[in-house]
Amino acid sequence: MTQTDERIDVGVMMGSKSDLETMRPAAKVLEGLGLAVEVRVLSAHRTPEEAAGFVKDAVRRGAKAFICGAGGAAHLAGAVAAHTTRPVIGVPIPAGSLGGMDSLLSTVQMPPGMPVATVAIGGAENAGLLAAQIIALGDPGLAKRVEEERANRRKKVLDSDAEVRAERRK
């Protein structure tokens, strides 16, 4: 495994490249808030040594949280949690005949002592925001950017409301 000394705030991991489109919003929101993100495809089952190695290396480089997306049995978040005490957030991937319900249940059903926060099926954007909020507890600058992001989202909804109300008056 190639190691680097490049700083990382959040590791975004997925079990398969096909999960990238689902996971991309996590990286986008984190980078928009000024956080350093590394995105990797590493499987809990097919590349367990590489996944564990990345987690340990990412922690060495300053990673404060991990976001893990996986479908089916969805063991990646739990496998990552086994190798770090940093917060791990699971994103169930919407796939297969159960539409991601199997992934959701696999991700939330962690044994005592191995917590994994879990967002909605396909909820990578919220996973990114949750990771930022966790990290912001120790970073006042990031906390301000998270608050600004929240205010921007509020404004967008209120602007939409005003547009709809104006249209209805016509």
# chains A, B, ... in the order shown; residues from 1 in each chain; ligands from 1
>>> residues_around(residues="region 115-127 of chain A", least_positions_apart="3", cutoff="9 Å", atoms="only C-alpha atoms", output="PyMOL selection string")
chain A and resi 22-30+67-69+77-78+81+87-94+99-101+103-104+107-112+130-132
>>> write_last_selection(atoms="N, CA and C atoms", output="mmCIF file, in the first residue's frame")
data_model
loop_
_atom_site.group_PDB
_atom_site.id
_atom_site.type_symbol
_atom_site.label_atom_id
_atom_site.label_comp_id
_atom_site.auth_asym_id
_atom_site.auth_seq_id
_atom_site.Cartn_x
_atom_site.Cartn_y
_atom_site.Cartn_z
ATOM 1 N N THR A 22 -23.704 7.228 -5.672
ATOM 2 C CA THR A 22 -24.437 7.384 -4.408
ATOM 3 C C THR A 22 -23.585 8.119 -3.382
ATOM 4 N N MET A 23 -22.288 7.851 -3.365
ATOM 5 C CA MET A 23 -21.396 8.394 -2.342
ATOM 6 C C MET A 23 -20.827 9.770 -2.674
ATOM 7 N N ARG A 24 -20.852 10.147 -3.936
ATOM 8 C CA ARG A 24 -20.264 11.422 -4.366
ATOM 9 C C ARG A 24 -20.774 12.634 -3.565
ATOM 10 N N PRO A 25 -22.075 12.718 -3.224
ATOM 11 C CA PRO A 25 -22.546 13.890 -2.459
ATOM 12 C C PRO A 25 -21.862 14.062 -1.104
ATOM 13 N N ALA A 26 -21.421 12.993 -0.485
ATOM 14 C CA ALA A 26 -20.714 13.118 0.803
ATOM 15 C C ALA A 26 -19.418 13.883 0.599
ATOM 16 N N ALA A 27 -18.644 13.481 -0.386
ATOM 17 C CA ALA A 27 -17.378 14.161 -0.656
ATOM 18 C C ALA A 27 -17.618 15.605 -1.074
ATOM 19 N N LYS A 28 -18.631 15.827 -1.888
ATOM 20 C CA LYS A 28 -18.926 17.176 -2.381
ATOM 21 C C LYS A 28 -19.257 18.134 -1.244
ATOM 22 N N VAL A 29 -20.124 17.721 -0.332
ATOM 23 C CA VAL A 29 -20.510 18.614 0.768
ATOM 24 C C VAL A 29 -19.333 18.852 1.712
ATOM 25 N N LEU A 30 -18.546 17.828 1.974
ATOM 26 C CA LEU A 30 -17.381 17.979 2.854
ATOM 27 C C LEU A 30 -16.353 18.922 2.249
ATOM 28 N N ILE A 67 -16.802 7.767 6.414
ATOM 29 C CA ILE A 67 -18.132 7.529 5.860
ATOM 30 C C ILE A 67 -17.997 6.323 4.948
ATOM 31 N N CYS A 68 -18.831 5.311 5.185
ATOM 32 C CA CYS A 68 -18.716 4.053 4.450
ATOM 33 C C CYS A 68 -20.031 3.688 3.790
ATOM 34 N N GLY A 69 -20.000 3.506 2.488
ATOM 35 C CA GLY A 69 -21.177 3.071 1.756
ATOM 36 C C GLY A 69 -21.000 1.655 1.276
ATOM 37 N N ALA A 77 -18.822 -0.515 6.918
ATOM 38 C CA ALA A 77 -18.805 0.408 8.061
ATOM 39 C C ALA A 77 -18.399 -0.312 9.345
ATOM 40 N N GLY A 78 -18.930 -1.496 9.568
ATOM 41 C CA GLY A 78 -18.563 -2.262 10.749
ATOM 42 C C GLY A 78 -17.105 -2.687 10.734
ATOM 43 N N ALA A 81 -15.156 0.349 11.658
ATOM 44 C CA ALA A 81 -15.304 0.622 13.086
ATOM 45 C C ALA A 81 -14.426 -0.304 13.931
ATOM 46 N N PRO A 87 -15.353 8.381 14.663
ATOM 47 C CA PRO A 87 -16.737 8.151 14.255
ATOM 48 C C PRO A 87 -16.829 7.541 12.862
ATOM 49 N N VAL A 88 -17.702 6.566 12.722
ATOM 50 C CA VAL A 88 -17.959 5.918 11.440
ATOM 51 C C VAL A 88 -19.438 6.104 11.130
ATOM 52 N N ILE A 89 -19.703 6.564 9.912
ATOM 53 C CA ILE A 89 -21.079 6.788 9.467
ATOM 54 C C ILE A 89 -21.337 5.872 8.286
ATOM 55 N N GLY A 90 -22.371 5.048 8.389
ATOM 56 C CA GLY A 90 -22.712 4.114 7.325
ATOM 57 C C GLY A 90 -23.774 4.684 6.403
ATOM 58 N N VAL A 91 -23.581 4.448 5.112
ATOM 59 C CA VAL A 91 -24.559 4.835 4.096
ATOM 60 C C VAL A 91 -25.028 3.559 3.399
ATOM 61 N N PRO A 92 -26.233 3.097 3.673
ATOM 62 C CA PRO A 92 -26.755 1.929 2.956
ATOM 63 C C PRO A 92 -26.968 2.292 1.476
ATOM 64 N N ILE A 93 -26.450 1.466 0.603
ATOM 65 C CA ILE A 93 -26.560 1.722 -0.840
ATOM 66 C C ILE A 93 -27.887 1.153 -1.355
ATOM 67 N N PRO A 94 -28.644 1.960 -2.099
ATOM 68 C CA PRO A 94 -29.924 1.474 -2.645
ATOM 69 C C PRO A 94 -29.674 0.563 -3.849
ATOM 70 N N GLY A 99 -33.874 -3.153 -2.572
ATOM 71 C CA GLY A 99 -33.778 -1.706 -2.688
ATOM 72 C C GLY A 99 -32.952 -1.029 -1.610
ATOM 73 N N GLY A 100 -32.072 -1.758 -0.981
ATOM 74 C CA GLY A 100 -31.222 -1.185 0.059
ATOM 75 C C GLY A 100 -31.672 -1.484 1.478
ATOM 76 N N MET A 101 -32.842 -2.108 1.643
ATOM 77 C CA MET A 101 -33.299 -2.434 3.002
ATOM 78 C C MET A 101 -32.339 -3.412 3.691
ATOM 79 N N SER A 103 -29.145 -3.561 3.188
ATOM 80 C CA SER A 103 -27.983 -2.754 3.559
ATOM 81 C C SER A 103 -28.274 -1.924 4.805
ATOM 82 N N LEU A 104 -29.456 -1.345 4.868
ATOM 83 C CA LEU A 104 -29.840 -0.548 6.025
ATOM 84 C C LEU A 104 -29.798 -1.398 7.298
ATOM 85 N N THR A 107 -26.290 -2.368 8.345
ATOM 86 C CA THR A 107 -25.491 -1.258 8.852
ATOM 87 C C THR A 107 -25.908 -0.856 10.262
ATOM 88 N N VAL A 108 -27.197 -0.870 10.556
ATOM 89 C CA VAL A 108 -27.634 -0.431 11.887
ATOM 90 C C VAL A 108 -27.485 -1.514 12.953
ATOM 91 N N GLN A 109 -27.395 -2.765 12.560
ATOM 92 C CA GLN A 109 -27.355 -3.863 13.533
ATOM 93 C C GLN A 109 -25.923 -4.195 13.955
ATOM 94 N N MET A 110 -25.248 -3.233 14.561
ATOM 95 C CA MET A 110 -23.878 -3.452 15.029
ATOM 96 C C MET A 110 -23.896 -3.988 16.459
ATOM 97 N N PRO A 111 -22.906 -4.826 16.798
ATOM 98 C CA PRO A 111 -22.864 -5.356 18.166
ATOM 99 C C PRO A 111 -22.432 -4.276 19.164
ATOM 100 N N PRO A 112 -22.753 -4.461 20.436
ATOM 101 C CA PRO A 112 -22.332 -3.505 21.459
ATOM 102 C C PRO A 112 -20.818 -3.281 21.406
ATOM 103 N N LEU A 130 -23.283 15.257 8.597
ATOM 104 C CA LEU A 130 -23.122 14.749 9.962
ATOM 105 C C LEU A 130 -21.639 14.685 10.342
ATOM 106 N N ALA A 131 -20.802 14.198 9.438
ATOM 107 C CA ALA A 131 -19.363 14.156 9.717
ATOM 108 C C ALA A 131 -18.835 15.562 9.977
ATOM 109 N N ALA A 132 -19.255 16.523 9.162
ATOM 110 C CA ALA A 132 -18.812 17.904 9.355
ATOM 111 C C ALA A 132 -19.270 18.444 10.705
#
>>> select_by_dssp(residues="region 58-126 of chain A", states="strand (DSSP E or B)", output="PyMOL selection string")
chain A and resi 65-70+88-92+117-118
>>> write_last_selection(atoms="N, CA, C and O atoms", output="PDB file, in the first residue's frame")
ATOM      1  N   ALA A  65     -13.065  11.286  10.905  1.00  0.00           N
ATOM      2  CA  ALA A  65     -14.289  10.505  10.722  1.00  0.00           C
ATOM      3  C   ALA A  65     -14.184   9.713   9.420  1.00  0.00           C
ATOM      4  O   ALA A  65     -13.380  10.049   8.535  1.00  0.00           O
ATOM      5  N   PHE A  66     -15.019   8.682   9.320  1.00  0.00           N
ATOM      6  CA  PHE A  66     -15.105   7.863   8.115  1.00  0.00           C
ATOM      7  C   PHE A  66     -16.565   7.740   7.711  1.00  0.00           C
ATOM      8  O   PHE A  66     -17.445   7.612   8.569  1.00  0.00           O
ATOM      9  N   ILE A  67     -16.802   7.767   6.414  1.00  0.00           N
ATOM     10  CA  ILE A  67     -18.132   7.529   5.860  1.00  0.00           C
ATOM     11  C   ILE A  67     -17.997   6.323   4.948  1.00  0.00           C
ATOM     12  O   ILE A  67     -17.150   6.305   4.050  1.00  0.00           O
ATOM     13  N   CYS A  68     -18.831   5.311   5.185  1.00  0.00           N
ATOM     14  CA  CYS A  68     -18.716   4.053   4.450  1.00  0.00           C
ATOM     15  C   CYS A  68     -20.031   3.688   3.790  1.00  0.00           C
ATOM     16  O   CYS A  68     -21.052   3.564   4.467  1.00  0.00           O
ATOM     17  N   GLY A  69     -20.000   3.506   2.488  1.00  0.00           N
ATOM     18  CA  GLY A  69     -21.177   3.071   1.756  1.00  0.00           C
ATOM     19  C   GLY A  69     -21.000   1.655   1.276  1.00  0.00           C
ATOM     20  O   GLY A  69     -19.940   1.296   0.765  1.00  0.00           O
ATOM     21  N   ALA A  70     -22.029   0.850   1.463  1.00  0.00           N
ATOM     22  CA  ALA A  70     -21.973  -0.530   0.999  1.00  0.00           C
ATOM     23  C   ALA A  70     -23.384  -1.042   0.778  1.00  0.00           C
ATOM     24  O   ALA A  70     -24.330  -0.602   1.429  1.00  0.00           O
ATOM     25  N   VAL A  88     -17.702   6.566  12.722  1.00  0.00           N
ATOM     26  CA  VAL A  88     -17.959   5.918  11.440  1.00  0.00           C
ATOM     27  C   VAL A  88     -19.438   6.104  11.130  1.00  0.00           C
ATOM     28  O   VAL A  88     -20.300   5.822  11.971  1.00  0.00           O
ATOM     29  N   ILE A  89     -19.703   6.564   9.912  1.00  0.00           N
ATOM     30  CA  ILE A  89     -21.079   6.788   9.467  1.00  0.00           C
ATOM     31  C   ILE A  89     -21.337   5.872   8.286  1.00  0.00           C
ATOM     32  O   ILE A  89     -20.606   5.902   7.299  1.00  0.00           O
ATOM     33  N   GLY A  90     -22.371   5.048   8.389  1.00  0.00           N
ATOM     34  CA  GLY A  90     -22.712   4.114   7.325  1.00  0.00           C
ATOM     35  C   GLY A  90     -23.774   4.684   6.403  1.00  0.00           C
ATOM     36  O   GLY A  90     -24.732   5.312   6.857  1.00  0.00           O
ATOM     37  N   VAL A  91     -23.581   4.448   5.112  1.00  0.00           N
ATOM     38  CA  VAL A  91     -24.559   4.835   4.096  1.00  0.00           C
ATOM     39  C   VAL A  91     -25.028   3.559   3.399  1.00  0.00           C
ATOM     40  O   VAL A  91     -24.273   2.970   2.616  1.00  0.00           O
ATOM     41  N   PRO A  92     -26.233   3.097   3.673  1.00  0.00           N
ATOM     42  CA  PRO A  92     -26.755   1.929   2.956  1.00  0.00           C
ATOM     43  C   PRO A  92     -26.968   2.292   1.476  1.00  0.00           C
ATOM     44  O   PRO A  92     -27.569   3.321   1.171  1.00  0.00           O
ATOM     45  N   ALA A 117     -22.913   5.136  13.197  1.00  0.00           N
ATOM     46  CA  ALA A 117     -24.067   5.991  12.916  1.00  0.00           C
ATOM     47  C   ALA A 117     -24.543   5.632  11.515  1.00  0.00           C
ATOM     48  O   ALA A 117     -23.734   5.329  10.643  1.00  0.00           O
ATOM     49  N   THR A 118     -25.842   5.643  11.298  1.00  0.00           N
ATOM     50  CA  THR A 118     -26.375   5.239  10.004  1.00  0.00           C
ATOM     51  C   THR A 118     -27.363   6.278   9.511  1.00  0.00           C
ATOM     52  O   THR A 118     -28.228   6.711  10.262  1.00  0.00           O
TER      53      THR A 118
END
>>> closest_residue(among="A:Gly141, A:Pro48, A:Gly96, A:Gly53", to="Gly72 (chain A)", atoms="only C-alpha atoms")
A:Gly96
>>> closest_residue(among="A:Leu33, A:Ala52, A:Leu158, A:Leu98", to="Leu142 (chain A)", atoms="only C-alpha atoms")
A:Leu33
>>> atom_distance(atom1="CA of Val55 (chain A)", atom2="CA of Glu149 (chain A)")
28.2 Å
>>> select_by_dssp(residues="chain A", states="alpha helix (DSSP H)", output="number ranges by chain")
A: 20-32, 48-60, 76-81, 101-108, 124-136, 140-169
